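Here the structure is laid out as structure tokens; the discussion comes afterwards.
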Amino acid sequence: MANAWRRDKTPKFITQNPLILLFSLSFLLIILFFFTTNLTNSQITPQKSHLSFTHNSKIPLFDCTNSPQYHPVIANIVEGLKYPFIFALSDLGSLPEKPHKNIQRFLKNKPFRKPDISETIQAVLGKFRSEGKLGIFVDVGANVGMATFAAAVMGFEVLAFEPVFENLQRICDGIYFNRVSDLVTVFDAAASDHLGNITFHKLVGRLDNSAVSATGAKLAFKSNEEIAVQVKTIPLDDVIPESKPVLLLKIDVQGWEYHVLKGAKKLLSRKGTEAPYIIYEEDERLLQASNTTAKEIRDFLKTVGYDHCTQHGTDAHCTKTS
């Protein structure tokens with residue numbers, strides 16, 4: 001009788017449309033699975049920090065997501081850095097007769113050569129990190145990002161200024177390759193001492209040598225074709241708020257350094273250790289092509305308190321001792 005009861009008394013929840021009930025239970029299990037999975041992931045995976053820098057509305061940011069893709073893309077990791085990164089070339093050389101040295105290394109399955117500026121940037125920022133100092137890195141004349149990415153892969157926020165469109169595209173490649181979109185803000189502009197526009201001389205095949213001065217652009221590569229284009233200019237003081245700490249300011253603009261520094265007078269006038277460490281190119285030939293001199297720059301820096309400058313090749317490193 002007991003067995004007969006079990007056969008005849010089938011539970012109602014199975015007899016009442018079992019397919020609907022099974023589907024409902026499966027659906028609930030799926031929701032529960034995704035909920036617990038997302039909860040676990042949020043506990044394990046650290047959230048990326050969002051860039052705290054808020055830019056001035058006087059000039060728009062360069063939007064990598066809406067930029068046409070540059071091609072060909074030849075990118076590689078660099079050798080010999082404590083914090084390695086990837087960057088893409090802008091100068092490919094004269095293919096196939098004389099390709100860029102890094103392309104030759106790429107074809108031999110070797111990393112790109114370590115750019116000197118990358119090592120310098122990491123050394124300076126590494127010292128700040130060891131001292132527990134926080135702040136941003138300002139890269140004026142960013143080119144294809146060899147200094148920008150050296151700082152970004154260390155976790156520092158970066159403001160990159162670059163007026164050459166082809167170089168901006170390469171910077172966008174590097175932002176993607178190095179996964180640093182939350183750390184790098186890009187300005188399609190030349191930093192200067194006034195807001196507006198200026199004629200810029202782009203050197204075909206050697207975009208890293210492009211300059212405001214036509215003479216400066218062709219100084220080292222007289223055989224290259226030069227094209228005049230209009231680019232936006234903006235003073236750094238119009239972009240960087242006084243409340244934002246700046247650790248390091250690097251300027252490499254082929255002789256336009258004096259005008260960049262003049263446009264950052266407020267930033268440079270900050271007291272003592274609140275003022276940024278400065279690295280700028282001090283090439284007398286390029287400076288004279290832009291109607292300035294190394295002495296004029298040094299004299300200006302003294303007026304805003306930079307009383308200690310040392311020479312490192314063609315670069316000057318300047319700080320405030322008090």
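To be explicit about the labels: the chains of the structure tokens are called A, B, and onward in the order shown, and within each one the residues are counted from 1, while ligands get numbers from 1 in the order they are shown.
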Checklist entry - What's the 8 Å shell around stretch 184-194 of chain A, counting only C-alpha atoms, without same-chain residues fewer than 5 positions away, as a PyMOL selection string? => result chain A and resi 51+59-63+140-141+148+152+157-165+168+175+231-236+256+259-264
Using only C-alpha atoms, which residues of stretch 107-148 of chain A come within 12 Å of stretch 294-317 of chain A, and what is the closest atom pair for each, with the distance in Å to one decimal? Give it as CSV, sorted by chain and residue number.
```
residue,atom,partner,partner_atom,distance
A:Asp116,CA,A:Gly313,CA,10.8
A:Ile117,CA,A:Asp315,CA,9.7
A:Thr120,CA,A:His312,CA,10.2
A:Ile121,CA,A:His317,CA,11.3
A:Val124,CA,A:His317,CA,10.4
```
Next on the checklist: Let me make sure I understand: among A:Ile279, A:Ala228, A:Leu107, A:Leu219, which one has the smallest atom-to-atom distance to A:Gln254 if we use only C-alpha atoms?
Outcome noted: A:Leu219
Checklist entry - Leaving out A:Lys110 and any residue of its chain fewer than 3 positions from it, which residues lie within 12 Å of it when counting only C-alpha atoms, given as a PyMOL selection string? => result chain A and resi 75-80+101-107+113-114
For N, CA and C atoms, I'd like the residues from the last selection saved as an mmCIF file, in the first residue's frame.
```cif
data_model
loop_
_atom_site.group_PDB
_atom_site.id
_atom_site.type_symbol
_atom_site.label_atom_id
_atom_site.label_comp_id
_atom_site.auth_asym_id
_atom_site.auth_seq_id
_atom_site.Cartn_x
_atom_site.Cartn_y
_atom_site.Cartn_z
ATOM 1 N N ALA A 75 55.095 48.837 -33.480
ATOM 2 C CA ALA A 75 55.287 49.113 -32.057
ATOM 3 C C ALA A 75 55.997 47.943 -31.403
ATOM 4 N N ASN A 76 56.677 48.249 -30.296
ATOM 5 C CA ASN A 76 57.409 47.205 -29.590
ATOM 6 C C ASN A 76 57.688 47.668 -28.170
ATOM 7 N N ILE A 77 58.051 46.746 -27.322
ATOM 8 C CA ILE A 77 58.442 47.076 -25.960
ATOM 9 C C ILE A 77 59.882 47.577 -25.975
ATOM 10 N N VAL A 78 60.228 48.429 -25.014
ATOM 11 C CA VAL A 78 61.593 48.953 -24.936
ATOM 12 C C VAL A 78 62.432 48.078 -24.010
ATOM 13 N N GLU A 79 63.741 48.144 -24.210
ATOM 14 C CA GLU A 79 64.641 47.328 -23.407
ATOM 15 C C GLU A 79 65.215 48.119 -22.247
ATOM 16 N N GLY A 80 65.601 47.423 -21.200
ATOM 17 C CA GLY A 80 66.455 47.979 -20.163
ATOM 18 C C GLY A 80 65.861 49.003 -19.229
ATOM 19 N N LYS A 101 66.486 52.155 -37.278
ATOM 20 C CA LYS A 101 67.224 51.139 -36.524
ATOM 21 C C LYS A 101 66.302 50.265 -35.672
ATOM 22 N N ASN A 102 65.234 50.867 -35.135
ATOM 23 C CA ASN A 102 64.322 50.069 -34.322
ATOM 24 C C ASN A 102 63.516 49.085 -35.168
ATOM 25 N N ILE A 103 63.282 49.428 -36.437
ATOM 26 C CA ILE A 103 62.616 48.470 -37.325
ATOM 27 C C ILE A 103 63.541 47.283 -37.573
ATOM 28 N N GLN A 104 64.816 47.549 -37.750
ATOM 29 C CA GLN A 104 65.778 46.457 -37.913
ATOM 30 C C GLN A 104 65.802 45.571 -36.676
ATOM 31 N N ARG A 105 65.727 46.178 -35.505
ATOM 32 C CA ARG A 105 65.688 45.403 -34.269
ATOM 33 C C ARG A 105 64.393 44.608 -34.176
ATOM 34 N N PHE A 106 63.306 45.229 -34.580
ATOM 35 C CA PHE A 106 61.996 44.573 -34.550
ATOM 36 C C PHE A 106 62.008 43.304 -35.411
ATOM 37 N N LEU A 107 62.605 43.404 -36.610
ATOM 38 C CA LEU A 107 62.660 42.259 -37.516
ATOM 39 C C LEU A 107 63.562 41.150 -36.983
ATOM 40 N N ARG A 113 65.283 50.106 -28.733
ATOM 41 C CA ARG A 113 66.295 50.671 -27.853
ATOM 42 C C ARG A 113 65.662 51.597 -26.826
ATOM 43 N N LYS A 114 66.227 51.580 -25.651
ATOM 44 C CA LYS A 114 65.712 52.405 -24.561
ATOM 45 C C LYS A 114 65.967 53.883 -24.863
#
```
Could you give me the residues within stretch 61-155 of chain A that DSSP places in alpha helix (DSSP H), as a short mmCIF file (atom, residue, chain, number, x, y, z; two decimals) with N, CA and C atoms, in the first residue's frame?
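Once written, result.cif looks like this:
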```cif
data_model
loop_
_atom_site.label_atom_id
_atom_site.label_comp_id
_atom_site.auth_asym_id
_atom_site.auth_seq_id
_atom_site.Cartn_x
_atom_site.Cartn_y
_atom_site.Cartn_z
N LYS A 101 66.49 52.15 -37.28
CA LYS A 101 67.22 51.14 -36.52
C LYS A 101 66.30 50.27 -35.67
N ASN A 102 65.23 50.87 -35.13
CA ASN A 102 64.32 50.07 -34.32
C ASN A 102 63.52 49.08 -35.17
N ILE A 103 63.28 49.43 -36.44
CA ILE A 103 62.62 48.47 -37.32
C ILE A 103 63.54 47.28 -37.57
N GLN A 104 64.82 47.55 -37.75
CA GLN A 104 65.78 46.46 -37.91
C GLN A 104 65.80 45.57 -36.68
N ARG A 105 65.73 46.18 -35.50
CA ARG A 105 65.69 45.40 -34.27
C ARG A 105 64.39 44.61 -34.18
N PHE A 106 63.31 45.23 -34.58
CA PHE A 106 62.00 44.57 -34.55
C PHE A 106 62.01 43.30 -35.41
N LEU A 107 62.60 43.40 -36.61
CA LEU A 107 62.66 42.26 -37.52
C LEU A 107 63.56 41.15 -36.98
N ASP A 116 66.76 57.60 -24.07
CA ASP A 116 67.42 58.21 -22.91
C ASP A 116 66.44 58.97 -22.04
N ILE A 117 65.50 59.68 -22.67
CA ILE A 117 64.56 60.49 -21.89
C ILE A 117 63.67 59.61 -21.02
N SER A 118 63.37 58.41 -21.48
CA SER A 118 62.52 57.51 -20.70
C SER A 118 63.20 57.11 -19.40
N GLU A 119 64.48 56.78 -19.50
CA GLU A 119 65.24 56.40 -18.31
C GLU A 119 65.35 57.57 -17.35
N THR A 120 65.57 58.77 -17.89
CA THR A 120 65.69 59.97 -17.06
C THR A 120 64.39 60.25 -16.31
N ILE A 121 63.27 60.17 -17.03
CA ILE A 121 61.96 60.43 -16.42
C ILE A 121 61.69 59.44 -15.28
N GLN A 122 61.96 58.18 -15.53
CA GLN A 122 61.70 57.18 -14.49
C GLN A 122 62.62 57.37 -13.28
N ALA A 123 63.85 57.81 -13.52
CA ALA A 123 64.77 58.04 -12.40
C ALA A 123 64.28 59.19 -11.52
N VAL A 124 63.86 60.29 -12.15
CA VAL A 124 63.39 61.45 -11.38
C VAL A 124 62.10 61.12 -10.64
N LEU A 125 61.15 60.52 -11.34
CA LEU A 125 59.87 60.19 -10.70
C LEU A 125 60.04 59.09 -9.65
N GLY A 126 61.00 58.19 -9.88
CA GLY A 126 61.26 57.16 -8.88
C GLY A 126 61.74 57.75 -7.57
N LYS A 127 62.54 58.82 -7.66
CA LYS A 127 63.00 59.49 -6.45
C LYS A 127 61.83 60.15 -5.72
N PHE A 128 60.95 60.80 -6.47
CA PHE A 128 59.77 61.40 -5.84
C PHE A 128 58.92 60.33 -5.15
N ARG A 129 58.76 59.19 -5.82
CA ARG A 129 57.96 58.11 -5.24
C ARG A 129 58.58 57.61 -3.94
N SER A 130 59.91 57.47 -3.91
CA SER A 130 60.58 56.99 -2.70
C SER A 130 60.42 57.97 -1.54
N THR A 148 55.99 60.21 -21.85
CA THR A 148 54.64 60.04 -21.31
C THR A 148 54.42 58.64 -20.76
N PHE A 149 54.74 57.62 -21.56
CA PHE A 149 54.47 56.25 -21.14
C PHE A 149 55.45 55.77 -20.09
N ALA A 150 56.67 56.33 -20.09
CA ALA A 150 57.62 56.00 -19.03
C ALA A 150 57.05 56.38 -17.67
N ALA A 151 56.31 57.49 -17.61
CA ALA A 151 55.69 57.94 -16.36
C ALA A 151 54.39 57.20 -16.09
N ALA A 152 53.57 57.02 -17.13
CA ALA A 152 52.25 56.42 -16.94
C ALA A 152 52.33 54.99 -16.44
#
```
Item to check | Coordinates-based distance that separates atom CA of A:Gly255 from atom CA of A:Glu225 (Å, one decimal) | outcome: 19.4 Å
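Here the residues within stretch 46-152 of chain A that DSSP labels strand (DSSP E or B) on the basis of the backbone are Leu61, Ala75, Asn76, Ile77, Val78, Ile86, Phe87, Ala88, Gly93, Ser94, Lys98, Pro99, Phe112, Ile136, Phe137, Val138, Asp139 and Val140 of chain A.
Nearest residue to A:Leu195, choosing from A:Arg170, A:Lys58, A:Lys82, A:Arg179 and counting only C-alpha atoms: A:Lys58.
Atom pair atom CA of A:Gly216 / atom CA of A:Leu203 has a distance of 10.2 Å (rounded to one decimal).
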Residues near A:Thr293, anyone? I mean within 9 Å using only C-alpha atoms, not counting same-chain ones fewer than 4 positions away, as a short mmCIF file (atom, residue, chain, number, x, y, z; two decimals) with all heavy atoms, in the first residue's frame.
```cif
data_model
loop_
_atom_site.label_atom_id
_atom_site.label_comp_id
_atom_site.auth_asym_id
_atom_site.auth_seq_id
_atom_site.Cartn_x
_atom_site.Cartn_y
_atom_site.Cartn_z
N GLY A 255 63.63 74.44 -29.61
CA GLY A 255 63.96 75.86 -29.55
C GLY A 255 62.87 76.77 -29.02
O GLY A 255 63.12 77.96 -28.80
N TYR A 258 61.71 78.68 -24.28
CA TYR A 258 61.54 79.93 -23.54
C TYR A 258 60.07 80.34 -23.49
O TYR A 258 59.56 80.77 -22.44
CB TYR A 258 62.38 81.04 -24.19
CG TYR A 258 62.25 82.39 -23.54
CD1 TYR A 258 62.57 82.57 -22.20
CD2 TYR A 258 61.82 83.50 -24.27
CE1 TYR A 258 62.47 83.81 -21.59
CE2 TYR A 258 61.72 84.74 -23.67
CZ TYR A 258 62.04 84.89 -22.34
OH TYR A 258 61.93 86.13 -21.73
N GLU A 282 68.20 72.37 -24.04
CA GLU A 282 68.92 73.65 -24.10
C GLU A 282 69.97 73.56 -25.21
O GLU A 282 71.16 73.47 -24.97
CB GLU A 282 69.56 73.97 -22.75
CG GLU A 282 70.04 75.40 -22.63
CD GLU A 282 70.61 75.69 -21.26
OE1 GLU A 282 71.68 75.15 -20.92
OE2 GLU A 282 69.97 76.45 -20.51
N ASP A 283 69.48 73.59 -26.44
CA ASP A 283 70.33 73.53 -27.62
C ASP A 283 70.44 74.94 -28.19
O ASP A 283 69.46 75.48 -28.72
CB ASP A 283 69.73 72.57 -28.64
CG ASP A 283 70.66 72.31 -29.83
OD1 ASP A 283 71.26 73.29 -30.32
OD2 ASP A 283 70.75 71.16 -30.27
N GLU A 284 71.62 75.53 -28.07
CA GLU A 284 71.78 76.94 -28.45
C GLU A 284 71.41 77.21 -29.90
O GLU A 284 70.84 78.26 -30.23
CB GLU A 284 73.22 77.38 -28.18
CG GLU A 284 73.43 78.89 -28.17
CD GLU A 284 72.72 79.57 -27.01
OE1 GLU A 284 73.06 79.28 -25.86
OE2 GLU A 284 71.83 80.40 -27.27
N ARG A 285 71.71 76.28 -30.79
CA ARG A 285 71.39 76.48 -32.21
C ARG A 285 69.88 76.56 -32.42
O ARG A 285 69.38 77.44 -33.14
CB ARG A 285 71.96 75.35 -33.05
CG ARG A 285 73.48 75.19 -33.02
CD ARG A 285 73.86 74.01 -33.86
NE ARG A 285 73.12 72.81 -33.46
CZ ARG A 285 72.90 71.76 -34.25
NH1 ARG A 285 73.36 71.75 -35.48
NH2 ARG A 285 72.22 70.72 -33.80
N LEU A 286 69.15 75.66 -31.78
CA LEU A 286 67.69 75.66 -31.92
C LEU A 286 67.08 76.88 -31.25
O LEU A 286 66.11 77.46 -31.76
CB LEU A 286 67.12 74.38 -31.32
CG LEU A 286 67.42 73.08 -32.07
CD1 LEU A 286 67.00 71.86 -31.25
CD2 LEU A 286 66.72 73.07 -33.42
N LEU A 287 67.62 77.27 -30.11
CA LEU A 287 67.11 78.46 -29.42
C LEU A 287 67.30 79.71 -30.26
O LEU A 287 66.40 80.55 -30.38
CB LEU A 287 67.81 78.60 -28.06
CG LEU A 287 67.47 77.55 -27.02
CD1 LEU A 287 68.39 77.68 -25.81
CD2 LEU A 287 66.01 77.67 -26.58
N GLN A 288 68.46 79.84 -30.86
CA GLN A 288 68.72 81.01 -31.70
C GLN A 288 67.82 81.04 -32.93
O GLN A 288 67.43 82.12 -33.39
CB GLN A 288 70.19 81.02 -32.12
CG GLN A 288 71.14 81.36 -30.98
CD GLN A 288 72.60 81.35 -31.39
OE1 GLN A 288 72.93 81.13 -32.56
NE2 GLN A 288 73.50 81.58 -30.44
N ILE A 297 66.80 82.14 -21.02
CA ILE A 297 66.01 81.16 -20.28
C ILE A 297 66.48 81.10 -18.83
O ILE A 297 65.66 81.15 -17.89
CB ILE A 297 66.11 79.77 -20.92
CG1 ILE A 297 65.36 79.76 -22.25
CG2 ILE A 297 65.55 78.70 -19.99
CD1 ILE A 297 65.44 78.43 -22.99
N ARG A 298 67.79 81.00 -18.63
CA ARG A 298 68.32 80.92 -17.26
C ARG A 298 67.96 82.17 -16.45
O ARG A 298 67.62 82.08 -15.27
CB ARG A 298 69.84 80.71 -17.29
CG ARG A 298 70.32 79.42 -17.93
CD ARG A 298 70.02 78.20 -17.10
NE ARG A 298 70.56 76.99 -17.70
CZ ARG A 298 71.67 76.38 -17.32
NH1 ARG A 298 72.40 76.88 -16.33
NH2 ARG A 298 72.07 75.27 -17.92
#
```
Checklist entry - Quick one, how far is atom CA of A:Phe137 from atom CA of A:Val246? => result 6.2 Å
Checklist entry - Counting only C-alpha atoms, what is within 10 Å of A:Gly155, bar same-chain residues fewer than 6 positions away, as a PyMOL selection string? => result chain A and resi 49+136+149+180+182-183
